[in-house]
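Data from run_7.tsv: TSV, C-alpha atoms and all ligand atoms
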```
chain	number	residue	atom	x	y	z
A	59	MET	CA	7.56	11.00	13.72
A	60	LEU	CA	9.47	11.46	17.00
A	61	SER	CA	12.35	13.94	17.23
A	62	ILE	CA	15.84	12.45	17.51
A	63	GLU	CA	15.90	13.46	21.22
A	64	GLN	CA	12.60	11.68	21.93
A	65	LEU	CA	13.74	8.64	19.94
A	66	SER	CA	17.05	8.56	21.86
A	67	GLN	CA	15.14	8.55	25.16
A	68	MET	CA	13.01	5.62	23.98
A	69	VAL	CA	16.09	3.74	22.80
A	70	HIS	CA	17.83	4.22	26.16
A	71	ALA	CA	14.72	3.11	28.07
A	72	HIS	CA	14.36	0.07	25.79
A	73	LEU	CA	17.99	-0.96	26.38
A	74	GLY	CA	17.77	-0.34	30.12
A	75	LEU	CA	20.41	2.40	29.95
A	76	ASN	CA	18.40	4.95	31.96
A	77	GLY	CA	18.57	5.70	35.66
A	78	ASN	CA	21.06	4.71	38.34
A	79	ALA	CA	20.47	0.97	38.31
A	80	ASN	CA	22.06	0.36	34.95
A	81	GLU	CA	21.67	-3.35	34.38
A	82	ALA	CA	23.38	-3.30	31.00
A	83	GLN	CA	26.89	-4.73	30.83
A	84	TYR	CA	28.08	-1.97	28.51
A	85	THR	CA	27.92	1.81	28.10
A	86	ALA	CA	26.47	3.37	24.97
A	87	LYS	CA	29.41	4.80	23.02
A	88	TRP	CA	27.12	5.99	20.27
A	89	ILE	CA	24.29	8.40	19.53
A	90	ILE	CA	21.47	8.63	17.01
A	91	LYS	CA	22.04	11.32	14.36
A	92	GLU	CA	20.96	12.28	10.84
A	93	SER	CA	22.98	10.16	8.40
A	94	PRO	CA	24.43	11.47	5.12
A	95	LEU	CA	22.85	8.34	3.57
A	96	GLY	CA	19.38	9.71	4.43
A	97	GLY	CA	17.28	9.19	7.54
A	98	ARG	CA	18.89	8.43	10.88
A	99	GLY	CA	21.85	6.28	11.81
A	100	LEU	CA	24.04	5.40	14.81
A	101	PHE	CA	27.39	7.20	15.20
A	102	ALA	CA	30.30	6.47	17.55
A	103	THR	CA	30.82	9.15	20.23
A	104	GLU	CA	34.20	7.74	21.27
A	105	ASP	CA	36.70	5.26	19.84
A	106	ILE	CA	35.33	1.71	19.97
A	107	ALA	CA	37.65	-1.32	20.01
A	108	SER	CA	37.12	-4.38	17.85
A	109	GLY	CA	35.05	-6.96	19.74
A	110	GLU	CA	33.33	-4.44	22.04
A	111	VAL	CA	29.60	-4.98	22.62
A	112	LEU	CA	27.75	-1.91	21.33
A	113	PHE	CA	24.32	-2.90	22.63
A	114	VAL	CA	22.07	-5.87	23.35
A	115	ASP	CA	18.71	-5.37	21.66
A	116	HIS	CA	15.47	-7.30	22.20
A	117	PRO	CA	12.54	-7.49	19.80
A	118	LEU	CA	9.37	-5.42	20.16
A	119	ILE	CA	7.65	-8.18	18.20
A	120	SER	CA	8.81	-11.43	16.64
A	121	GLY	CA	7.21	-14.29	14.77
A	122	PRO	CA	6.93	-16.00	11.40
A	123	ARG	CA	8.07	-14.35	8.19
A	124	SER	CA	5.37	-13.08	5.83
A	125	GLY	CA	6.48	-14.55	2.49
A	126	VAL	CA	4.05	-16.63	0.45
A	127	LEU	CA	6.53	-19.53	0.47
A	128	ILE	CA	6.48	-19.85	4.28
A	129	ARG	CA	6.44	-23.53	5.38
A	130	ARG	CA	3.67	-24.92	7.61
A	131	GLY	CA	4.85	-24.71	11.20
A	132	CYS	CA	3.63	-24.43	14.77
A	133	THR	CA	2.85	-20.78	15.58
A	134	VAL	CA	4.34	-21.18	19.09
A	135	CYS	CA	7.49	-23.32	18.82
A	136	CYS	CA	7.87	-22.93	15.00
A	137	LYS	CA	8.46	-26.68	14.60
A	138	LEU	CA	7.95	-28.00	11.03
A	139	ASN	CA	7.18	-31.38	9.54
A	140	THR	CA	5.06	-32.87	12.23
A	141	ASN	CA	1.94	-34.75	11.27
A	142	LYS	CA	0.36	-33.78	14.55
A	143	PHE	CA	-0.62	-30.24	13.52
A	144	PHE	CA	-4.08	-29.07	14.52
A	145	LYS	CA	-5.91	-25.78	14.34
A	146	CYS	CA	-6.99	-24.00	17.52
A	147	HIS	CA	-10.79	-24.08	17.35
A	148	LYS	CA	-11.02	-20.53	18.75
A	149	CYS	CA	-8.55	-18.70	16.50
A	150	SER	CA	-7.49	-21.18	13.73
A	151	LEU	CA	-3.77	-20.78	14.45
A	152	LEU	CA	-1.71	-23.88	13.70
A	153	LEU	CA	-0.28	-25.70	16.74
A	154	CYS	CA	1.69	-28.89	17.28
A	155	SER	CA	0.98	-29.90	20.89
A	156	GLU	CA	-1.14	-29.29	23.95
A	157	SER	CA	1.75	-27.56	25.68
A	158	CYS	CA	2.04	-25.07	22.79
A	159	GLN	CA	-1.72	-24.53	22.98
A	160	ASP	CA	-1.52	-23.89	26.74
A	161	SER	CA	1.46	-21.51	26.44
A	162	SER	CA	1.19	-17.80	27.24
A	163	ILE	CA	2.35	-17.01	23.70
A	164	HIS	CA	-0.70	-18.75	22.25
A	165	ASP	CA	-2.95	-17.30	24.92
A	166	ASP	CA	-2.00	-13.78	23.79
A	167	ASP	CA	-2.30	-14.53	20.04
A	168	CYS	CA	-5.59	-16.35	20.51
A	169	GLY	CA	-6.99	-13.55	22.69
A	170	ILE	CA	-6.63	-11.06	19.84
A	171	ILE	CA	-7.80	-13.26	16.95
A	172	SER	CA	-10.75	-14.77	18.79
A	173	SER	CA	-11.98	-11.26	19.65
A	174	TRP	CA	-12.61	-10.74	15.90
A	175	HIS	CA	-15.95	-11.96	14.62
A	176	ASN	CA	-15.54	-15.00	12.31
A	177	LYS	CA	-17.03	-14.74	8.80
A	178	VAL	CA	-16.41	-18.46	8.11
A	179	SER	CA	-15.97	-21.59	10.23
A	180	PHE	CA	-12.56	-22.06	11.88
A	181	GLU	CA	-11.76	-25.01	9.52
A	182	GLU	CA	-12.13	-22.71	6.50
A	183	VAL	CA	-9.64	-20.08	7.72
A	184	ASP	CA	-6.36	-20.21	5.76
A	185	ALA	CA	-3.91	-21.11	8.56
A	186	THR	CA	-0.89	-20.29	6.40
A	187	LEU	CA	-2.18	-16.77	5.77
A	188	LEU	CA	-2.76	-16.38	9.50
A	189	SER	CA	0.86	-17.45	10.16
A	190	ARG	CA	2.14	-14.96	7.56
A	191	ALA	CA	0.20	-12.15	9.27
A	192	LEU	CA	0.97	-13.26	12.84
A	193	THR	CA	4.01	-11.03	13.49
A	194	ALA	CA	1.99	-7.96	12.45
A	195	ILE	CA	-0.97	-9.22	14.54
A	196	ARG	CA	1.36	-9.29	17.57
A	197	ALA	CA	1.82	-5.50	17.20
A	198	LEU	CA	-1.68	-5.26	18.73
A	199	LEU	CA	-0.21	-6.63	21.97
A	200	LEU	CA	2.20	-3.70	22.38
A	201	ASN	CA	1.50	-1.02	24.97
A	202	GLU	CA	1.03	2.61	23.82
A	203	GLU	CA	4.68	3.54	24.36
A	204	GLN	CA	5.90	0.51	22.43
A	205	LYS	CA	3.46	1.28	19.60
A	206	GLN	CA	4.86	4.82	19.46
A	207	PHE	CA	8.40	3.39	19.35
A	208	MET	CA	7.42	1.04	16.52
A	209	THR	CA	5.75	3.79	14.49
A	210	SER	CA	8.83	6.02	14.85
A	211	LEU	CA	10.85	3.52	12.80
A	212	GLN	CA	11.15	3.83	9.05
A	213	ALA	CA	8.29	2.18	7.12
A	214	HIS	CA	8.14	1.00	3.52
A	215	VAL	CA	4.68	2.06	2.42
A	216	LEU	CA	4.11	0.35	-0.92
A	217	PRO	CA	0.93	-1.34	-2.23
A	218	GLN	CA	2.41	-4.84	-1.75
A	219	HIS	CA	3.11	-4.28	1.96
A	220	GLY	CA	0.43	-5.51	4.31
A	221	THR	CA	-1.44	-7.66	1.77
A	222	GLU	CA	-1.37	-10.60	4.21
A	223	VAL	CA	-3.21	-8.39	6.74
A	224	ARG	CA	-5.79	-7.11	4.22
A	225	GLU	CA	-6.52	-10.67	3.09
A	226	LEU	CA	-7.45	-11.66	6.67
A	227	GLN	CA	-10.62	-9.62	6.23
A	228	GLN	CA	-12.17	-12.37	4.10
A	229	TYR	CA	-12.18	-14.57	7.23
A	230	PHE	CA	-12.70	-12.10	10.09
A	231	GLU	CA	-14.47	-8.83	10.81
A	232	ILE	CA	-11.56	-6.77	12.10
A	233	PRO	CA	-11.91	-3.28	13.61
A	234	GLU	CA	-10.48	-0.64	11.25
A	235	ARG	CA	-7.99	0.67	13.86
A	236	ASP	CA	-6.57	-2.89	14.27
A	237	ILE	CA	-6.23	-3.19	10.48
A	238	GLN	CA	-4.44	0.17	10.26
A	239	LEU	CA	-1.99	-0.71	13.03
A	240	MET	CA	-1.25	-4.15	11.56
A	241	ILE	CA	-0.67	-2.70	8.07
A	242	LEU	CA	1.68	-0.12	9.56
A	243	ALA	CA	3.46	-2.92	11.46
A	244	SER	CA	3.88	-4.84	8.15
A	245	CYS	CA	5.40	-1.75	6.51
A	246	VAL	CA	7.76	-1.21	9.48
A	247	LEU	CA	8.69	-4.92	9.52
A	248	ASP	CA	9.45	-4.80	5.81
A	249	ALA	CA	11.93	-1.95	6.30
A	250	ASN	CA	13.51	-3.16	9.52
A	251	ALA	CA	12.94	-6.78	10.51
A	252	PHE	CA	15.93	-9.06	10.95
A	253	GLN	CA	15.75	-12.71	10.04
A	254	ILE	CA	16.34	-14.78	13.18
A	255	ALA	CA	18.81	-17.56	12.47
A	256	THR	CA	17.84	-21.15	13.26
A	257	SER	CA	20.47	-23.27	14.96
A	258	TYR	CA	22.23	-25.87	12.82
A	259	GLY	CA	20.17	-28.95	12.02
A	260	LYS	CA	16.97	-27.51	13.56
A	261	GLU	CA	14.01	-27.59	11.17
A	262	GLU	CA	11.98	-24.49	11.96
A	263	MET	CA	9.61	-22.08	10.28
A	264	GLY	CA	11.52	-18.90	9.23
A	265	LYS	CA	11.35	-16.27	11.98
A	266	ARG	CA	11.89	-12.51	12.07
A	267	GLY	CA	12.09	-9.90	14.78
A	268	LEU	CA	11.67	-6.15	15.01
A	269	TYR	CA	14.80	-5.04	16.90
A	270	PRO	CA	14.21	-1.30	17.27
A	271	VAL	CA	17.78	-0.19	18.04
A	272	SER	CA	19.39	-2.40	15.37
A	273	SER	CA	16.71	-1.01	13.02
A	274	LEU	CA	18.48	2.33	13.21
A	275	LEU	CA	21.69	0.89	11.75
A	276	ASN	CA	22.23	1.73	8.10
A	277	HIS	CA	23.81	-0.70	5.66
A	278	ASN	CA	27.35	-0.97	4.34
A	279	CYS	CA	28.68	-3.91	2.32
A	280	VAL	CA	31.80	-3.83	4.54
A	281	PRO	CA	30.08	-3.39	7.92
A	282	ASN	CA	31.93	-2.47	11.09
A	283	THR	CA	29.66	-4.62	13.30
A	284	ARG	CA	28.26	-8.12	13.42
A	285	TYR	CA	25.47	-9.63	15.46
A	286	ASN	CA	24.36	-12.91	16.92
A	287	TYR	CA	21.38	-14.08	18.96
A	288	ASN	CA	21.24	-15.64	22.41
A	289	SER	CA	18.63	-18.19	23.47
A	290	ASP	CA	16.28	-15.40	24.66
A	291	LEU	CA	16.21	-13.98	21.13
A	292	GLN	CA	18.30	-11.01	22.25
A	293	MET	CA	20.52	-9.59	19.51
A	294	ILE	CA	24.10	-8.88	20.59
A	295	VAL	CA	25.73	-6.27	18.35
A	296	LYS	CA	29.56	-6.10	18.46
A	297	ALA	CA	32.21	-4.06	16.66
A	298	VAL	CA	34.24	-6.17	14.22
A	299	LYS	CA	36.93	-3.58	13.74
A	300	PRO	CA	38.01	-0.42	15.54
A	301	ILE	CA	35.43	2.34	14.99
A	302	GLN	CA	36.71	5.90	15.40
A	303	ALA	CA	34.69	8.55	17.24
A	304	GLY	CA	32.39	10.33	14.78
A	305	CYS	CA	32.14	7.41	12.31
A	306	GLU	CA	28.80	5.86	11.35
A	307	ILE	CA	28.12	2.37	12.70
A	308	PHE	CA	26.92	-0.03	10.03
A	309	THR	CA	25.43	-3.46	9.71
A	310	CYS	CA	25.09	-5.50	6.51
A	311	TYR	CA	21.61	-6.35	5.19
A	312	THR	CA	22.89	-8.98	2.72
A	313	GLY	CA	25.11	-12.04	2.74
A	314	LEU	CA	28.70	-10.84	3.22
A	315	LEU	CA	30.04	-13.30	0.65
A	316	TRP	CA	27.59	-12.38	-2.10
A	317	GLY	CA	29.00	-10.65	-5.16
A	318	THR	CA	28.10	-7.03	-5.97
A	319	PRO	CA	25.23	-7.68	-8.46
A	320	ALA	CA	23.54	-10.11	-6.03
A	321	ARG	CA	23.89	-7.71	-3.08
A	322	ARG	CA	22.69	-4.66	-4.98
A	323	ILE	CA	19.65	-6.44	-6.47
A	324	HIS	CA	18.71	-7.81	-3.04
A	325	LEU	CA	19.02	-4.37	-1.41
A	326	TYR	CA	16.98	-2.77	-4.17
A	327	LYS	CA	14.21	-5.38	-4.01
A	328	THR	CA	13.96	-5.67	-0.25
A	329	LYS	CA	15.18	-2.33	1.14
A	330	HIS	CA	14.46	-0.12	-1.88
A	331	PHE	CA	17.83	1.59	-2.28
A	332	LEU	CA	20.86	1.15	-4.50
A	333	CYS	CA	24.04	0.83	-2.46
A	334	LYS	CA	26.93	3.03	-3.59
A	335	CYS	CA	29.53	2.01	-0.99
A	336	ASP	CA	33.24	1.62	-1.84
A	337	ARG	CA	32.93	-2.14	-2.18
A	338	CYS	CA	30.05	-1.81	-4.68
A	339	ALA	CA	32.04	0.77	-6.68
A	340	ASP	CA	35.13	-1.49	-6.93
A	341	PRO	CA	34.81	-4.03	-9.84
A	342	THR	CA	37.14	-6.48	-8.06
A	343	GLU	CA	35.44	-6.02	-4.63
A	344	ARG	CA	38.77	-5.42	-2.91
A	345	GLY	CA	40.45	-8.16	-4.92
A	346	THR	CA	38.00	-10.87	-3.87
A	347	PHE	CA	36.52	-11.31	-7.41
A	348	LEU	CA	33.32	-12.66	-5.82
A	349	ALA	CA	31.16	-11.83	-8.86
A	350	ALA	CA	33.77	-12.74	-11.51
A	351	LEU	CA	32.88	-15.08	-14.40
A	352	LYS	CA	35.28	-17.00	-16.66
A	353	CYS	CA	36.21	-15.15	-19.86
A	354	PHE	CA	33.98	-16.24	-22.77
A	355	SER	CA	36.93	-16.26	-25.15
A	356	GLY	CA	38.24	-19.83	-25.68
A	357	GLU	CA	41.56	-20.38	-23.93
A	358	CYS	CA	41.80	-17.01	-22.16
A	359	PRO	CA	42.44	-17.63	-18.43
A	360	GLY	CA	41.05	-14.20	-17.49
A	361	SER	CA	37.94	-13.17	-15.57
A	362	LEU	CA	35.01	-11.00	-16.62
A	363	LEU	CA	34.07	-8.15	-14.29
A	364	PRO	CA	31.57	-5.26	-14.61
A	365	ILE	CA	33.14	-2.12	-16.13
A	366	GLU	CA	30.84	0.24	-14.18
A	367	PRO	CA	29.59	-1.80	-11.22
A	368	LEU	CA	27.28	0.96	-9.95
A	369	LYS	CA	25.28	0.73	-13.22
A	370	SER	CA	23.07	-2.37	-13.37
A	371	SER	CA	23.19	-2.24	-17.22
A	372	SER	CA	27.02	-2.12	-17.34
A	373	SER	CA	28.90	-4.24	-19.89
A	374	TRP	CA	31.50	-6.62	-18.49
A	375	ARG	CA	35.12	-6.85	-19.62
A	376	CYS	CA	37.86	-9.46	-19.39
A	377	PHE	CA	40.73	-7.83	-17.54
A	378	GLU	CA	43.17	-10.21	-19.31
A	379	CYS	CA	42.21	-10.07	-23.04
A	380	GLY	CA	39.88	-7.04	-23.03
A	381	LEU	CA	36.84	-8.94	-24.41
A	382	ARG	CA	33.64	-6.92	-23.78
A	383	VAL	CA	30.40	-8.77	-23.04
A	384	PRO	CA	26.98	-7.03	-23.00
A	385	CYS	CA	25.04	-7.07	-19.74
A	386	ASP	CA	22.21	-9.23	-21.23
A	387	ASN	CA	24.60	-12.14	-21.93
A	388	ILE	CA	25.94	-11.92	-18.37
A	389	CYS	CA	22.38	-11.94	-16.96
A	390	THR	CA	21.53	-15.04	-19.04
A	391	LEU	CA	24.57	-16.89	-17.68
A	392	GLN	CA	23.86	-15.77	-14.11
A	393	SER	CA	20.25	-16.99	-14.27
A	394	ALA	CA	21.36	-20.33	-15.82
A	395	LEU	CA	23.81	-20.73	-12.93
A	396	GLY	CA	21.03	-19.83	-10.48
A	397	SER	CA	18.78	-22.58	-11.96
A	398	LEU	CA	21.64	-25.08	-11.82
A	399	ILE	CA	22.26	-24.31	-8.14
A	400	GLY	CA	18.50	-24.37	-7.45
A	401	SER	CA	18.31	-27.94	-8.78
A	402	LEU	CA	20.96	-29.20	-6.31
A	403	ASP	CA	19.99	-31.31	-3.33
A	404	PHE	CA	21.89	-29.53	-0.56
A	405	GLY	CA	21.21	-32.37	1.85
A	406	ASN	CA	23.12	-34.78	-0.41
A	407	LEU	CA	26.77	-34.37	0.51
A	408	VAL	CA	28.11	-36.63	-2.24
A	409	GLU	CA	26.17	-34.70	-4.90
A	410	LEU	CA	27.45	-31.40	-3.50
A	411	GLU	CA	31.04	-32.64	-3.42
A	412	ASN	CA	30.85	-33.93	-7.02
A	413	PHE	CA	29.27	-30.74	-8.22
A	414	TYR	CA	31.99	-28.72	-6.54
A	415	LEU	CA	34.91	-30.87	-7.70
A	416	CYS	CA	33.83	-31.79	-11.23
A	417	ARG	CA	31.26	-29.37	-12.57
A	418	VAL	CA	30.93	-25.87	-11.26
A	419	THR	CA	34.51	-24.63	-11.72
A	420	LYS	CA	34.32	-25.46	-15.42
A	421	TYR	CA	32.08	-22.44	-15.82
A	422	ILE	CA	33.07	-20.02	-13.12
A	423	PRO	CA	36.31	-19.10	-11.36
A	424	LYS	CA	37.02	-20.46	-7.88
A	425	THR	CA	36.65	-16.93	-6.49
A	426	ASN	CA	32.98	-16.70	-7.56
A	427	GLN	CA	30.41	-16.46	-4.75
A	428	ILE	CA	28.74	-19.70	-5.88
A	429	VAL	CA	31.96	-21.67	-5.40
A	430	VAL	CA	32.66	-19.90	-2.10
A	431	ASP	CA	29.14	-20.68	-0.90
A	432	LEU	CA	29.52	-24.36	-1.87
A	433	GLN	CA	32.83	-24.50	0.01
A	434	CYS	CA	31.19	-23.01	3.11
A	435	ARG	CA	28.28	-25.49	2.92
A	436	LEU	CA	30.67	-28.43	2.54
A	437	ILE	CA	32.83	-27.29	5.45
A	438	TRP	CA	29.66	-26.83	7.53
A	439	GLU	CA	28.24	-30.25	6.64
A	440	LEU	CA	31.55	-32.12	6.94
A	441	GLY	CA	32.21	-30.51	10.30
A	442	GLU	CA	28.94	-31.98	11.58
A	443	ARG	CA	29.39	-35.57	10.36
A	444	GLU	CA	31.46	-38.21	12.04
A	445	ASN	CA	33.91	-40.26	9.95
A	446	HIS	CA	33.25	-38.29	6.82
A	447	ARG	CA	36.24	-38.11	4.55
A	448	TRP	CA	37.01	-35.23	2.20
A	449	HIS	CA	37.86	-36.61	-1.29
A	450	GLY	CA	39.20	-33.39	-2.77
A	451	LYS	CA	42.80	-32.25	-2.94
A	501	LIG	C1	16.63	-0.40	8.78
A	501	LIG	S1	16.37	1.19	8.10
A	501	LIG	C2	17.84	2.02	8.64
A	501	LIG	C3	17.52	3.26	9.48
A	501	LIG	C4	16.92	4.41	8.72
A	501	LIG	N1	17.98	5.19	8.07
A	501	LIG	C5	16.05	5.29	9.61
A	501	LIG	O1	16.14	6.52	9.49
A	501	LIG	O2	15.25	4.77	10.39
A	501	LIG	C6	16.65	0.75	6.42
A	501	LIG	C7	16.44	1.90	5.46
A	501	LIG	O3	17.48	2.89	5.63
A	501	LIG	C8	17.94	3.35	4.35
A	501	LIG	N2	19.34	2.93	4.17
A	501	LIG	C9	20.05	2.08	4.94
A	501	LIG	N3	21.30	1.94	4.50
A	501	LIG	C10	21.41	2.71	3.39
A	501	LIG	C11	22.47	2.97	2.47
A	501	LIG	N4	23.67	2.41	2.60
A	501	LIG	N5	22.22	3.82	1.43
A	501	LIG	C12	21.00	4.38	1.28
A	501	LIG	N6	19.95	4.19	2.13
A	501	LIG	C13	20.15	3.36	3.18
A	501	LIG	C14	17.03	2.71	3.31
A	501	LIG	O4	15.95	3.57	3.07
A	501	LIG	C15	16.56	1.45	4.01
A	501	LIG	O5	15.34	0.97	3.50
```

Produce structure tokens that represent the structure in this file.
Amino acid sequence: MLSIEQLSQMVHAHLGLNGNANEAQYTAKWIIKESPLGGRGLFATEDIASGEVLFVDHPLISGPRSGVLIRRGCTVCCKLNTNKFFKCHKCSLLLCSESCQDSSIHDDDCGIISSWHNKVSFEEVDATLLSRALTAIRALLLNEEQKQFMTSLQAHVLPQHGTEVRELQQYFEIPERDIQLMILASCVLDANAFQIATSYGKEEMGKRGLYPVSSLLNHNCVPNTRYNYNSDLQMIVKAVKPIQAGCEIFTCYTGLLWGTPARRIHLYKTKHFLCKCDRCADPTERGTFLAALKCFSGECPGSLLPIEPLKSSSSWRCFECGLRVPCDNICTLQSALGSLIGSLDFGNLVELENFYLCRVTKYIPKTNQIVVDLQCRLIWELGERENHRWHGK
């Protein structure tokens, strides 16, 4: 692994902060340091005002996500749901048009894959598997310096990481050094990749990017930054509150409006740590009651909250009547609610509105993350439709 000094030099070169001709529109008011949370993090070197741009990162590699549930999409433009898909006869990647086939993106991808000897005919290659492995495959396009930068990032090395790359070997004879680099890229992507948001109404295959500077940001459930993407897939990271010199700069790896159990489980499953931040330790989550459930006791108007939120097996208690409920009963209710939400047709506005107005708040308080999420979806959908009338009070 690179020293912090070497890593800092790479980060500055990557952001274009070196030399006299500084093209960046900001100065770096932060450094890379060891974090008390473990590993490295970014720390403010001077006071930073709310709204200030901290840096503009660009991905070393980007492409489709690797999950088994990935939807069939074009490997160049990521478009879904077209019946015009075809497989490139040289590399078997899925494409939607001649212009995507003639693009430089496909040229690069195809150059790598077609250099591997085929074990089966191109029709027999699993195009979905190839899409799932494509972002890791693109690591082979990096130059030596970029590869060194990528390998200096944290990697999650667990047996499940890189399976999509290993499985490619049933279709292609791949040189061992390519396999090793792609598996390492999968492990680095697992620890660091950011999901790239799709613009509203656009049906696209899920995308992710390896943003090496943002990858050094540790997580806090009340982050002091936020980020958005521009049309060139650059990630603009801004302060969302004043950050004092010396403080660690955080991002949030989960949904901000998720309740504590949902955030902690997600962080544990995807980033392999249990968050212990102030918000996670506070049963009320700063008075937002995002995880609260209605008290199980008849007419009691109170809410159930975890007694020890940092323990996943904690009992819950009603803060009004004192009723204690074991964790197992809470988990059963939470998974029933999850199934109920999973059965909703989110494209059907009338169904969503009815569910929100008539059903969901019978079981959970209006502060619960499920209700808040429904409200956000309704606002989002209604804001996009002409002449749509809100029937609620
Ligand atoms: C994107 S990396 C962040 C940078 C990393 N610290 C490094 O040294 O490269 C994500 C990993 O950092 C660690 N991490 C981030 N936030 C954390 C937190 N709040 N508590 C504990 N570990 C954290 C976890 O190991 C996580 O999988």

Near range 140-155 of chain A, within 8 Å and counting only C-alpha atoms, which residues show up once chain neighbours fewer than 2 positions away are dropped, as a PyMOL selection string? chain A and resi 131-134+137-138+157-159+168+171-172+180-181+183+185+188-189

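The spacing separating CA of Gln433 in chain A from CA of Lys420 in chain A amounts to 15.5 Å.
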
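Interatomic distance, CA of Lys327 in chain A to CA of Leu314 in chain A: 17.1 Å.
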
Contact residues around range 351-357 of chain A with only C-alpha atoms at 10 Å, ignoring same-chain residues under 3 positions, as an MDAnalysis selection string: chainID A and resid 347:348 360:364 374:383 388 391:392 419:426

Find the residues of chain A that sit at most 9 Å from ligand LIG 501 (chain A); for each, write down the nearest two atoms and how far apart they are in Å, to one decimal. Count all atoms listed in the file. Sort by chain, then by number going up, and give it as CSV.
```
residue,atom,partner,partner_atom,distance
A:Glu92,CA,A:LIG501,O1,7.6
A:Ser93,CA,A:LIG501,N1,7.1
A:Pro94,CA,A:LIG501,C12,8.8
A:Leu95,CA,A:LIG501,C12,4.9
A:Gly96,CA,A:LIG501,N1,6.0
A:Gly97,CA,A:LIG501,O1,3.5
A:Arg98,CA,A:LIG501,O1,3.6
A:Gly99,CA,A:LIG501,N1,5.5
A:Leu100,CA,A:LIG501,C3,8.7
A:Ser210,CA,A:LIG501,O2,7.9
A:Leu211,CA,A:LIG501,O2,5.2
A:Gln212,CA,A:LIG501,O2,4.4
A:Ala213,CA,A:LIG501,O5,8.0
A:His214,CA,A:LIG501,O5,7.2
A:Val246,CA,A:LIG501,C1,8.9
A:Asp248,CA,A:LIG501,O5,8.6
A:Ala249,CA,A:LIG501,O5,5.3
A:Asn250,CA,A:LIG501,C1,4.2
A:Ala251,CA,A:LIG501,C1,7.6
A:Phe252,CA,A:LIG501,C1,9.0
A:Pro270,CA,A:LIG501,C1,8.9
A:Ser272,CA,A:LIG501,C1,7.4
A:Ser273,CA,A:LIG501,C1,4.3
A:Leu274,CA,A:LIG501,C3,4.0
A:Leu275,CA,A:LIG501,C2,5.1
A:Asn276,CA,A:LIG501,N3,3.7
A:His277,CA,A:LIG501,N3,3.8
A:Asn278,CA,A:LIG501,N4,5.3
A:Cys279,CA,A:LIG501,N4,8.1
A:Phe308,CA,A:LIG501,N3,8.1
A:Thr309,CA,A:LIG501,N3,8.6
A:Cys310,CA,A:LIG501,N3,8.6
A:Tyr311,CA,A:LIG501,N3,8.3
A:Leu325,CA,A:LIG501,O5,8.1
A:Tyr326,CA,A:LIG501,O5,8.7
A:Thr328,CA,A:LIG501,O5,7.7
A:Lys329,CA,A:LIG501,O5,4.1
A:His330,CA,A:LIG501,O5,5.6
A:Phe331,CA,A:LIG501,C12,5.5
A:Leu332,CA,A:LIG501,C12,6.6
A:Cys333,CA,A:LIG501,N5,5.2
A:Lys334,CA,A:LIG501,N5,6.9
A:Cys335,CA,A:LIG501,N4,6.9
```

Give me, as a PyMOL selection string, all polymer residues having an atom no more than 7 Å from Trp88 in chain A, counting only C-alpha atoms and skipping those fewer than 5 positions away in the same chain. chain A and resi 100-103

Name all residues at most 10 Å from Asp236 in chain A (count all atoms listed in the file; drop same-chain ones fewer than 5 positions away) and give them as a VMD selection string. chain A and resid 170 195 197 to 198 223 241 to 242

Hey, can you check how far CA of Trp174 in chain A sits from CA of Pro233 in chain A? 7.8 Å

Neighbouring residues of range 427-429 of chain A were defined as those with any atom within 9 Å, considering all atoms listed in the file; residues of the same chain fewer than 5 positions away were excluded. Please report them as an NGL selection string. :A and (315-317 or 347-350 or 395-396 or 399 or 414 or 418-419 or 422 or 434)

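Distances here use all atoms listed in the file; by that measure, the residue among A:Met263, A:Ala191, A:Leu398, A:Ile301 closest to Arg130 in chain A is A:Met263.
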
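Proximity of A:Pro384, A:Pro319, A:Pro359, A:Gly304 to Asp105 in chain A, computed with all atoms listed in the file, is greatest for A:Gly304.
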